[in-house]
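Colleague: One structure coming up, written as structure tokens, with questions to follow.
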Amino acid sequence: MFRLEVRSSTPAWFNLALPLLAIAVTLILCSGLIALAGAGVLESYGVMFTASLGDSYAITETLVRAAPMIFTGLAVAVAFRAKFWNIGAEGQLLAGAVASCFVGAIPMPGPLAMLLMAVAGAAAGAAVALVPATLRVRFKVDDVVSSLLLNSVIYYALMALIEGPWKDSFSGYPISPPIEDSANFPVLIEGTRLHLGVVVALIAAPLIWFLIARTTLGFRIRVTGENPEAARYGGIHVERVLLSTALLSGALAGLAGVGEVGGVHFQVMSDISPGYGYSGIVVAMLARLNPLGVVPAAIFLAAVMTGAEAMSRATGVPAFLSDVIQGTALLAMLVALLFTAYRIRRVGAAS
Amino acid sequence: MSAPFIEMRGITKSFGAVKANEAVDLSVAPGEILGLLGENGAGKTTLMNVLFGAYAPDAGEILVQGRKARITSSADALAAGIGMVHQHFHLAPRLTVLENLLIGIPGKSGRIDRAGGLARLAEISRQYGLTLDPDLPVSALSVGEQQRLEIVKALFRGAKLLILDEPTAVLAPSEVDGLFSALRSMAAQGLGIIFISHKLNEVRALTHRCTVLRHGRVAGRVDDPANTTSAAMAELMCGHEIVPPARGPSTPGADVLTLAGISTSGHSGTALRHISLAVRAGEILGIAGVSGNGQRALAEVISGMRSPDAGQMTIAGTRVTRFSPREVQALGLGRIPEDRMTTGLVTNLPLADSMVLPRIGTAAFSAKGLLKPDAIRAFAEEQIKAFDIRCPGPMVRAGALSGGNLQKALLARELAFDPKVLVVSQPTRGLDIGAARFIHEKFLAMRAKGCGIIVIGEDLEELLVLCDRIAVMYEGRIAGTLASADATVARLGLLMTGAEGRA
């Protein structure tokens with residue numbers, strides 16, 4: 001029989017080695033499926049690696065894909081730190097995309113347009129996140145359920161918009177009008193899609209880390225999340241902290257939508273987010289809710305996504321394998337994290 | 001003496017570099033009540049967890065009725081006839097008493113054997129005088145009744161040896177008597193009992209023999225506890241002599257805290273009914289009473305966790321208007337909550353965070369919304385040194401500290417800001433003699449400096465030693481206030497049961 005025992009101390013190298021081990025275990029576990037799909041395992045992982053991290057273009061593509069997940073990952077990490085269970089990053093992202101597209105379509109000087117797009121998108125995301133937070137603070141409504149269900153509400157509102165008022169009158173396609181050319185985010189490296197929003201995402205992570213670790217708001221968020229009763233006893237307005245956290249979280253998720261509109265698609269369509277809001281939950285958990293960890297976690301997931309698509313094109317392995325690898329990675333990482341706090345101990349052989 | 005039911009020989013158990021138990025021998029005979037004494041961290045709980053199968057010892061053996069036994073799980077322990085009542089109960093609150101008893105007991109063809117369970121419960125109740133209503137949900141039971149259920153649960157499963165880990169820490173004095181008579185009756189009918197406690201007067205009153213642990217080793221054994229002085233036993237536990245603190249004369253000054261006609265509604269706990277009291281500078285006022293007579297509501301009102309429906313409160317002459325934690329703190333009130341772990345500290349965060357929590361927004365620890373990490377750390381380090389808080393450092397998880405050290409940390413965080421008045425609930429509950437002594441000395445030092453202190457507690461002996469005056473609460477009122485010179489356990493006890501209306 002085996003039993004988990006609490007570790008009295010965790011060696012520092014565990015925190016680095018275990019995530020790497022989890023990735024290795026993921027690749028080993030998934031190799032069986034690749035073989036089953038009739039492709040060479042090493043060859044497939046080779047294609048995956050080359051297409052996601054193999055050359056500088058591949059790296060920029062991975063970063064472009066990582067950017068929205070950095071934002072949604074930060075959104076979820078911040079919210080979960082306060083134990084505000086925001087499962088609604090997807091809807092907040094969509095709201096941010098719609099709002100920024102609306103602003104971006106108004107003719108004005110480029111830099112002003114970009115700034116206002118960001119402000120509008122963040123505000124829209126924050127407004128959406130405020131709904132489940134208010135329901136929880138005022139009426140004790142479960143925030144998991146309300147924030148999750150709100151995703152559908154926002155999604156179908158977006159559909160109504162692009163099937164109705166925003167519908168392209170010439171082609172009849174359900175897509176919004178494009179934003180002004182001047183509002184397109186500048187591309188940083190000629191010949192790639194690496195846009196300004198990616199850099200903003202990379203800068204946002206350390207800023208959010210600083211906010212959580214070094215500001216009084218961050219302190220209040222951490223304490224409220226870990227023990228709301230002690231927080232209240234210590235004079236913290238727990239409800240106010242939850243609402244502030246929701247605003248911050250929603251704004252970050254909204255910025256993910258802004259980046260997709262301003263830097264990648266330049267308009268809004270029904271599949272503008274392939275579930276980046278939900279991936280944000282995976283990213284945040286992989287990062288152990290540490291904003292700095294969100295960046296590598298998002299890049300890892302983005303690499304798996306771009307790599308798995310290329311692998312599927314090159315070797316005929318179904319593209320669903322990308323989802324399997326992501327899911328396995330999350331499970332492996334969660335088990336690995338367990339071992340930073342516990343160890344397995346063998347107790348008494350079977351008698 | 002009869003052959004021991006259980007015998008532990010040479011038990012050694014280490015956690016990393018720390019030897020929690022080293023070559024410990026212990027035995028209990030049928031019909032014997034053994035006291036297991038020791039300060040916090042002396043290894044009592046580890047030893048009992050080894051006996052109950054939660055830890056595997058590094059060395060040593062356990063004999064049950066003279067035969068070597070392998071105990072690697074609580075199921076093994078139960079099968080060997082060992083039952084344990086933990087400090088924190090393991091009950092399902094929404095199930096009834098009977099359902100809790102039947103958890104894990106296989107019924108006939110997958111169905112619960114209700115009739116059989118009822119019969120067995122009735123038999124145990126009659127045999128040991130432990131009565132319980134089988135159909136009440138556990139959430140409706142008092143703490144004392146829940147403890148009784150835990151004991152019955154162990155007996156229900158055929159325990160012949162019962163381990164009780166600090167059972168009196170959660171009980172009111174009146175409930176302690178009931179527990180003791182049940183335990184005596186169990187011993188008289190041949191059960192062995194291991195009684196873990198800090199309270200020497202209880203150990204002397206109840207046990208037949210004692211084993212004293214210190215730093216994981218057996219420091220000594222006491223064969224006749226009833227005729228051994230508490231001082232001698234305390235010395236065995238601590239390794240040095242313990243002198244009770246002396247409360248010198250004091251000259252109380254002006255009122256630092258007044259309550260006038262404070263009343264609350266009762267939808268969470270007992271309502272307060274027109275509470276009026278005053279604490280003067282340099283005075284310690286005790287609030288005695290059987291648990292559940294409004295002490296919690298009183299502490300919540302004073303510490304700004306709850307607004308009264310009527311009445312007024314002043315702190316250092318200023319009227320409290322909003323009853324928020326921040327307001328009472330800003331007026332100079334220090335507070336130590338009844339429940340250290342859930343209300344006082346954030347167990348998963350560094351100790352330093354808990355130590356600055358109530359004052360994180362002040363200039364000492366932050367400026368313009370930015371924390372001052374160095375100041376926070378320095379403050380925590382300074383207090384750790386000043387209060388002799390035993391821990392690896394300010395960044396250790398608060399939850400890793402023992403109860404006594406946590407209480408010191410909470411005291412440190414309040415005293416560092418020179419409160420004009422201090423409100424403390426259950427200041428030494430669960431603490432060992434050394435830690436309790438330390439806390440008492442700090443209170444007396446604060447009193448000498450002119451701080452007014454309110455101590456809300458159930459331990460009458462503690463209140464008598466510490467307080468200048470003692471007010472007794474009964475059903476949400478102050479039933480009477482005695483100067484401690486006139487107070488005796490008997491007189492306070494009468495007030496606590498509502499028998500005496502005035503003093």
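Scheme for the structure tokens: letters A, B, ... for chains in order shown; per-chain residue numbers from 1; ligand numbers from 1 in order shown.
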Give me, as a PyMOL selection string, the contact residues of chain B against chain A at a cut-off of 8 Å, counting only C-alpha atoms.
Modeller: chain B and resi 15-16+56+72+305+324-326+342-349+357-361+366+369-373
Colleague: Once you have the residues from the selection above, write them out as a PDB file, in the first residue's frame, restricted to C-alpha atoms.
Modeller:
ATOM      1  CA  PHE B  15      10.769  13.920  10.741  1.00  0.00           C
ATOM      2  CA  GLY B  16      13.823  14.992   8.822  1.00  0.00           C
ATOM      3  CA  ALA B  56       5.102   4.131  10.885  1.00  0.00           C
ATOM      4  CA  THR B  72      -0.213   0.621   9.760  1.00  0.00           C
ATOM      5  CA  MET B 305     -16.711  42.520  13.343  1.00  0.00           C
ATOM      6  CA  SER B 324     -15.439  48.191  11.582  1.00  0.00           C
ATOM      7  CA  PRO B 325     -12.141  46.453  12.369  1.00  0.00           C
ATOM      8  CA  ARG B 326     -10.271  49.428  10.953  1.00  0.00           C
ATOM      9  CA  THR B 342      -9.295  30.612  11.023  1.00  0.00           C
ATOM     10  CA  THR B 343      -9.736  34.204  12.175  1.00  0.00           C
ATOM     11  CA  GLY B 344      -6.288  35.310  13.212  1.00  0.00           C
ATOM     12  CA  LEU B 345      -3.868  34.010  10.660  1.00  0.00           C
ATOM     13  CA  VAL B 346      -3.490  33.116   7.033  1.00  0.00           C
ATOM     14  CA  THR B 347      -1.964  29.683   7.393  1.00  0.00           C
ATOM     15  CA  ASN B 348      -0.885  29.290   3.763  1.00  0.00           C
ATOM     16  CA  LEU B 349       1.009  32.560   3.535  1.00  0.00           C
ATOM     17  CA  LEU B 357      -2.131  42.033   8.086  1.00  0.00           C
ATOM     18  CA  PRO B 358      -4.221  44.455  10.176  1.00  0.00           C
ATOM     19  CA  ARG B 359      -1.826  47.321   9.553  1.00  0.00           C
ATOM     20  CA  ILE B 360      -0.777  46.719   5.969  1.00  0.00           C
ATOM     21  CA  GLY B 361      -2.271  50.022   4.856  1.00  0.00           C
ATOM     22  CA  SER B 366       3.294  50.519   2.733  1.00  0.00           C
ATOM     23  CA  GLY B 369      -0.143  51.482  -2.454  1.00  0.00           C
ATOM     24  CA  LEU B 370       3.270  49.832  -2.613  1.00  0.00           C
ATOM     25  CA  LEU B 371       4.382  47.374   0.046  1.00  0.00           C
ATOM     26  CA  LYS B 372       7.624  47.853   1.926  1.00  0.00           C
ATOM     27  CA  PRO B 373       8.863  44.248   1.890  1.00  0.00           C
TER      28      PRO B 373
END
Colleague: Any idea what's packed within 7 Å of Gln65 of chain B, counting only C-alpha atoms, ignoring anything in its chain fewer than 2 positions away? Could you give it as number ranges by chain?
Modeller: B: 4-6, 63, 67
Colleague: Considering only C-alpha atoms, return as a PDB file with C-alpha atoms, in the first residue's frame whatever protein or nucleic-acid residues lie within 8 Å of Ser425 of chain B, sequence-local ones (same chain, fewer than 6 positions apart) excluded.
Modeller:
ATOM      1  CA  ALA B 299     -15.975  39.817  21.295  1.00  0.00           C
ATOM      2  CA  ILE B 336      -6.776  38.539  19.594  1.00  0.00           C
ATOM      3  CA  PRO B 337      -9.521  36.301  18.224  1.00  0.00           C
ATOM      4  CA  GLU B 338     -10.803  33.105  19.769  1.00  0.00           C
ATOM      5  CA  VAL B 455      -9.895  38.449  28.854  1.00  0.00           C
ATOM      6  CA  ILE B 456     -12.805  36.314  27.668  1.00  0.00           C
ATOM      7  CA  GLY B 457     -12.303  32.771  28.856  1.00  0.00           C
TER       8      GLY B 457
END
